[in-house]
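Peer 1: Submitted below is the structure of interest, expressed as structure tokens.
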Amino acid sequence: MKFKSLHIRLVIVFGICLSAVTGALIGYSVFSAIQLEHFIVNSAKSSISNVAKDQLLEKARNMGLHTDRQLEEALDSARTLANVLSGIKDDAIGLKADRSRINSILQSVLIKNKSFAGVYTCWEPNALDGLDDIYVNTEGHDASGRFIPYWYRDDAGKIISEPLKNYESQDKYDNGVRKGDYYLLPREHKQECATDPYPYPIHGKDVWMISLVVPIMTGNTFHGITGIDLRLDFVQEMVKRSNAQLFSGKGRIGIIGTNGIVVAASDKPDIIGKHLKAWMKEDWQEDMKKIASGKESIELTSQKHLQVIAPLVIGKTRASWAVIIEIPQQVVLARAYHLEAELEQRMTKKLAQQIGVGLGIAIIALCAIWIVSKRISIPITRVITGLGETYEQLLAAAVQLSSASQCLSDGTNTHAASLEQTTSSLEEISAMIRQNADHAEEARTMVSQTLEIVHKVNTYMNDSVASIDDIRRSGEESGKIVKTIDEVAFQTNLLALNAAIEAARAGEAGAGFGVVANEVKSLAMRVSQAAKTTSGLIEDTINAVKKGYETTRLTQQAFAENMNLSAKVNGLVAEIASASAEQSRGVEALNRSVQELERVNRENAANAEQSASTSEEMTAQAEQMRLFVDDLRVLIGAHLNEGEDN
């Protein structure tokens, strides 16, 4: 689609620029909004994550404290029983208590503590009263007769007593816990112990429980133990309840024993008593190291779960328990994701508003541009039209100048040719005039010499008047010859005059001077021949001088006349030589003038060539100007010969 209207083009260009600027501003706003959203969301995520970490760590600590409090309560009871029963073996106290009374105490403790699953004591062989043999296989005893009563509640809540089992067993349960750990550990370490979960058969049914055991010591002597058994139901219930309160139960909480045995697991109660790797299938080895370190840990797992591990210390035992809380990062950052979604929604709304406002402003600006561009396009179109007209005028002037320069160059060349021909003719005329002058000078010299000879002859005639009579006839012949010379001189004079006239005319003078030169040459030959004849006659006359005085006298008169004529001829020849010299100078001056005209003509030719070159350059510039005007016309869609008023 072609837009021939300048102001439409301006509107389009400015509209594109405006759209680009508006788009850039909107894009920058979008970019800034996105960056701000990312900053807010990331800050919110970081803040929420930190709060969640603190919350989870605090929760783990509280659960550890709560669990420890429950266990510590049982451990205190076991500790009190151990202290009381150690008085039996302490001579300083001297406590008297038989097996029946001790059973009553154990039963009383169980009755008073509803959370206890069982209360018991286990003595070394004959350590209590030395009467083990008497109690062999009696009620509450096994075949060893040792005092090993175990008081517990059955499923109906009834308190029952039976002898302990497996107290000396080194065998292990499926989870790796020794069956006799509740007795063997305190005896081995002689300090309070908390066993890992183990299944204990009660009425033929395995019940998962832990034992909190205190050794009965006097000094460094181990006599036996007192212990409290706790079912893991209360721990499982606690972690389940706590997990439900934490992030709406979307995470999981577990309590892990010393050897990695699961004490409680909110999401999988069926793995109680199993190893940690049944609960943590991938990173359980790292988790075991963290539990063994006894330090708190907070990190994001490979499954994108926020994990908190808090140590759980049970009294003075060596147990390294831990509370583990895991919450999916997506759950922890749910508020941040909600905030992100809300921000995106609001940002989208704001961007829509910005785009609407931007489009409105752009439309208003385009209207303003339409009006302004219309006002701008009219004078620009006029300028383009004026440039087109100027181009036409400049081109016409260049053409006229080129034509005039060509005519001047042609005329100059023709004139130069004519001047060269004239110069050549003048040089020839000048040469002929110089040659005539030379000939005239030679003739004058010859006439002068002849005049001198005549003077001498006249002198001789004066001396020999008597003898000249014989040469009268020869003198007459000499007179004729002299007459011929006179005629030749006369003709030479006429030719000289003709030459002067021809030189004055100057037009076709070259040819005339050639004719005159030929005639002068012919006359000179005739004069020479006559001179020779005269010489012969004079010789004859000299020989005949003696024959007649009259002839000599007449000859003397003839020579006198000849001397006068020679003087005249000498004057005429001198005048011819002078005129020839003057003509030569005139021709030289004329030649110089012609040369000056030739120089001026060459300058005119050079100027004509320069004018032609200038004309060509003006034509080229005019053509370049036309191209510029055409480009500008194409650019704005205007015509050189018509204005645009849209």
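Order determines the names: the first chain of the structure tokens is A, the second B, and so forth; residues in each chain are numbered 1 upward, and ligands are numbered 1 upward as they are shown.
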Looking only at strand (DSSP E) from DSSP on the backbone, list the matching residues of segment 112-190 of chain A as a PyMOL selection string.
Peer 2: chain A and resi 118-123+149-153+159-163
Peer 1: Please provide the set of residues having any atom within 12 Å of segment 235-240 of chain A, restricted to only C-alpha atoms, with same-chain residues fewer than 3 positions apart removed, written as JSON, numbers by chain.
Peer 2: {"A": [59, 60, 62, 63, 64, 66, 67, 68, 69, 70, 71, 115, 197, 208, 209, 210, 230, 231, 232, 243, 244, 245, 246, 248, 249, 250, 251, 252, 253, 254, 255, 256, 262, 263, 264, 265, 266, 267, 268, 269, 270, 271, 272, 273, 323, 324, 325]}
Peer 1: Might you pull out every residue within 8 Å of Gly118 of chain A, with only C-alpha atoms counted and same-chain residues fewer than 5 positions away left off, and present them as a list of chain:residue names?
Peer 2: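 With the cut-off at 8 Å, the set is A:Leu110, A:Tyr150, A:Trp151, A:Tyr152, A:Arg153, A:Ile228, A:Asp229, A:Leu230.
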Peer 1: Kindly save the residues from that selection, with C-alpha atoms included, as a CSV table (one decimal), in the first residue's frame.
Peer 2:
```csv
chain,number,residue,atom,x,y,z
A,110,LEU,CA,1.5,-48.4,88.1
A,150,TYR,CA,6.7,-57.2,85.8
A,151,TRP,CA,3.5,-55.3,86.5
A,152,TYR,CA,1.4,-54.2,83.5
A,153,ARG,CA,-2.0,-53.3,82.3
A,228,ILE,CA,9.0,-48.1,83.4
A,229,ASP,CA,7.6,-49.3,80.1
A,230,LEU,CA,5.7,-46.9,78.0
```
Peer 1: Within 9 Å of segment 25-32 of chain A, counting only C-alpha atoms, which residues show up once you throw out same-chain ones fewer than 2 positions away? Write them as number ranges by chain, please.
Peer 2: A: 20-23, 34-37, 347, 351, 354-355, 358
Peer 1: Output C-alpha atoms of each residue in that selection to a file, as a PDB file, in the first residue's frame.
Peer 2:
```pdb
ATOM      1  CA  ALA A  20       7.326   2.110  19.933  1.00  0.00           C
ATOM      2  CA  VAL A  21       7.741   4.543  22.823  1.00  0.00           C
ATOM      3  CA  THR A  22       4.398   3.553  24.307  1.00  0.00           C
ATOM      4  CA  GLY A  23       5.222  -0.108  23.813  1.00  0.00           C
ATOM      5  CA  ILE A  34       7.494  -8.560  36.889  1.00  0.00           C
ATOM      6  CA  GLN A  35      10.787  -7.745  38.561  1.00  0.00           C
ATOM      7  CA  LEU A  36       8.945  -6.165  41.473  1.00  0.00           C
ATOM      8  CA  GLU A  37       6.655  -9.166  41.660  1.00  0.00           C
ATOM      9  CA  MET A 347      -0.551  -6.900  37.883  1.00  0.00           C
ATOM     10  CA  LEU A 351      -1.292  -3.747  33.017  1.00  0.00           C
ATOM     11  CA  GLN A 354      -1.971   0.866  31.702  1.00  0.00           C
ATOM     12  CA  ILE A 355      -2.409  -0.477  28.190  1.00  0.00           C
ATOM     13  CA  GLY A 358      -1.498   4.136  26.880  1.00  0.00           C
TER      14      GLY A 358
END
```
Peer 1: Taking 4 positions as the minimum chain separation for residues in the same chain, which residues sit within 7 Å of Tyr182 of chain A when counting only C-alpha atoms? Answer as a CSV table (one decimal) with C-alpha atoms, in the first residue's frame.
Peer 2:
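The result, written out as result.csv:
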```
chain,number,residue,atom,x,y,z
A,195,THR,CA,15.8,-48.4,74.9
A,211,SER,CA,11.8,-49.0,78.5
A,213,VAL,CA,15.5,-48.0,83.1
```
Peer 1: Ranking A:Glu296, A:Asp76, A:Glu428, A:Asp98 by minimum distance to Glu192 of chain A and counting only C-alpha atoms, which one comes first?
Peer 2: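 Closest candidate: A:Asp76.
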Peer 1: Determine, counting only C-alpha atoms, which protein, DNA and RNA residues have an atom within 7 Å of an atom of Ile148 of chain A; residues of the same chain fewer than 6 positions away are not included. Present the result as an mmCIF file with N, CA and C atoms, in the first residue's frame.
Peer 2:
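Contents of the output file result-v4.cif:
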```
data_model
loop_
_atom_site.group_PDB
_atom_site.id
_atom_site.type_symbol
_atom_site.label_atom_id
_atom_site.label_comp_id
_atom_site.auth_asym_id
_atom_site.auth_seq_id
_atom_site.Cartn_x
_atom_site.Cartn_y
_atom_site.Cartn_z
ATOM 1 N N THR A 121 11.078 -54.511 88.180
ATOM 2 C CA THR A 121 12.428 -54.523 88.712
ATOM 3 C C THR A 121 13.030 -55.869 88.391
ATOM 4 N N CYS A 122 14.317 -55.856 88.192
ATOM 5 C CA CYS A 122 15.021 -57.105 87.849
ATOM 6 C C CYS A 122 16.348 -57.097 88.602
ATOM 7 N N TRP A 123 16.512 -58.134 89.434
ATOM 8 C CA TRP A 123 17.695 -58.169 90.276
ATOM 9 C C TRP A 123 18.651 -59.227 89.779
ATOM 10 N N HIS A 141 7.705 -65.659 89.420
ATOM 11 C CA HIS A 141 9.117 -65.982 89.236
ATOM 12 C C HIS A 141 9.249 -66.986 88.106
ATOM 13 N N PRO A 163 6.512 -62.700 85.490
ATOM 14 C CA PRO A 163 7.958 -62.520 85.481
ATOM 15 C C PRO A 163 8.422 -61.922 84.154
ATOM 16 N N LEU A 164 9.507 -61.161 84.228
ATOM 17 C CA LEU A 164 10.096 -60.583 83.017
ATOM 18 C C LEU A 164 10.612 -61.682 82.107
#
```
Peer 1: Which of these, A:Glu344, A:Asp154, A:Glu73, A:Glu162, has the shortest distance to Ile40 of chain A once you count only C-alpha atoms?
Peer 2: A:Glu344
Peer 1: Have a look at atom CA of Ala431 of chain A and atom CA of Met525 of chain A and let me know their distance in Å, one decimal.
Peer 2: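 Distance reported for this atom pair: 21.7 Å.
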Peer 1: Pick out each residue of segment 126-346 of chain A that DSSP on the backbone tags as helix (DSSP H, G or I); I need them as a PDB file with C-alpha atoms, in the first residue's frame.
Peer 2:
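Result went into result_14.pdb, see below:
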```pdb
ATOM      1  CA  ASP A 132      16.272 -67.164  94.699  1.00  0.00           C
ATOM      2  CA  ASP A 133      16.317 -70.909  95.132  1.00  0.00           C
ATOM      3  CA  ILE A 134      13.198 -70.752  97.293  1.00  0.00           C
ATOM      4  CA  TYR A 135      11.260 -68.788  94.605  1.00  0.00           C
ATOM      5  CA  ASP A 181      18.537 -54.413  76.141  1.00  0.00           C
ATOM      6  CA  TYR A 182      16.210 -53.115  78.884  1.00  0.00           C
ATOM      7  CA  TYR A 183      18.362 -55.059  81.375  1.00  0.00           C
ATOM      8  CA  LEU A 184      21.648 -55.528  79.606  1.00  0.00           C
ATOM      9  CA  LEU A 185      22.229 -51.850  78.733  1.00  0.00           C
ATOM     10  CA  PRO A 186      22.023 -50.464  82.289  1.00  0.00           C
ATOM     11  CA  ARG A 187      24.124 -53.329  83.568  1.00  0.00           C
ATOM     12  CA  GLU A 188      26.728 -52.707  80.871  1.00  0.00           C
ATOM     13  CA  HIS A 189      26.826 -48.933  81.212  1.00  0.00           C
ATOM     14  CA  ASP A 233       0.761 -45.181  71.390  1.00  0.00           C
ATOM     15  CA  PHE A 234       1.017 -41.918  73.282  1.00  0.00           C
ATOM     16  CA  VAL A 235       4.070 -40.829  71.252  1.00  0.00           C
ATOM     17  CA  GLN A 236       2.355 -41.777  67.996  1.00  0.00           C
ATOM     18  CA  GLU A 237      -0.765 -39.922  69.077  1.00  0.00           C
ATOM     19  CA  MET A 238       1.295 -36.883  69.991  1.00  0.00           C
ATOM     20  CA  VAL A 239       3.107 -36.680  66.628  1.00  0.00           C
ATOM     21  CA  LYS A 240      -0.121 -37.314  64.761  1.00  0.00           C
ATOM     22  CA  ARG A 241      -1.876 -34.544  66.681  1.00  0.00           C
ATOM     23  CA  SER A 242       1.051 -32.166  66.257  1.00  0.00           C
ATOM     24  CA  ASN A 243       1.272 -32.882  62.552  1.00  0.00           C
ATOM     25  CA  ALA A 244      -2.442 -32.161  62.140  1.00  0.00           C
ATOM     26  CA  GLN A 245      -1.874 -28.770  63.761  1.00  0.00           C
ATOM     27  CA  PHE A 247       0.238 -26.822  57.958  1.00  0.00           C
ATOM     28  CA  SER A 248      -3.065 -28.713  58.129  1.00  0.00           C
ATOM     29  CA  GLY A 249      -1.333 -32.059  58.324  1.00  0.00           C
ATOM     30  CA  PRO A 269       2.276 -45.772  61.978  1.00  0.00           C
ATOM     31  CA  ASP A 270       2.935 -49.221  60.575  1.00  0.00           C
ATOM     32  CA  ILE A 271       6.685 -48.553  60.345  1.00  0.00           C
ATOM     33  CA  LEU A 276      14.762 -45.039  59.425  1.00  0.00           C
ATOM     34  CA  LYS A 277      15.423 -46.107  55.838  1.00  0.00           C
ATOM     35  CA  ALA A 278      11.861 -47.449  55.717  1.00  0.00           C
ATOM     36  CA  TRP A 284      18.429 -41.665  55.406  1.00  0.00           C
ATOM     37  CA  GLN A 285      22.200 -42.065  55.769  1.00  0.00           C
ATOM     38  CA  GLU A 286      22.705 -38.298  55.901  1.00  0.00           C
ATOM     39  CA  ASP A 287      19.842 -38.070  58.362  1.00  0.00           C
ATOM     40  CA  MET A 288      21.476 -40.713  60.574  1.00  0.00           C
ATOM     41  CA  LYS A 289      24.654 -38.631  60.699  1.00  0.00           C
ATOM     42  CA  LYS A 290      22.684 -35.552  61.699  1.00  0.00           C
ATOM     43  CA  ILE A 291      20.843 -37.471  64.428  1.00  0.00           C
ATOM     44  CA  ALA A 292      24.096 -38.922  65.767  1.00  0.00           C
ATOM     45  CA  SER A 293      25.674 -35.441  65.879  1.00  0.00           C
ATOM     46  CA  GLN A 329       8.366 -26.632  50.167  1.00  0.00           C
ATOM     47  CA  GLN A 330       5.253 -26.023  48.124  1.00  0.00           C
ATOM     48  CA  VAL A 331       3.175 -26.305  51.298  1.00  0.00           C
ATOM     49  CA  VAL A 332       5.517 -24.061  53.264  1.00  0.00           C
ATOM     50  CA  ALA A 334       1.740 -21.814  49.814  1.00  0.00           C
ATOM     51  CA  ARG A 335       1.142 -18.315  51.142  1.00  0.00           C
ATOM     52  CA  ALA A 336       3.924 -17.006  48.917  1.00  0.00           C
ATOM     53  CA  TYR A 337       2.450 -18.812  45.917  1.00  0.00           C
ATOM     54  CA  HIS A 338      -0.953 -17.412  46.793  1.00  0.00           C
ATOM     55  CA  LEU A 339       0.625 -13.976  47.076  1.00  0.00           C
ATOM     56  CA  GLU A 340       2.330 -14.527  43.727  1.00  0.00           C
ATOM     57  CA  ALA A 341      -0.959 -15.516  42.088  1.00  0.00           C
ATOM     58  CA  GLU A 342      -2.707 -12.541  43.648  1.00  0.00           C
ATOM     59  CA  LEU A 343       0.089 -10.220  42.536  1.00  0.00           C
ATOM     60  CA  GLU A 344      -0.082 -11.645  39.022  1.00  0.00           C
ATOM     61  CA  GLN A 345      -3.816 -11.114  38.962  1.00  0.00           C
ATOM     62  CA  ARG A 346      -3.471  -7.550  40.199  1.00  0.00           C
TER      63      ARG A 346
END
```
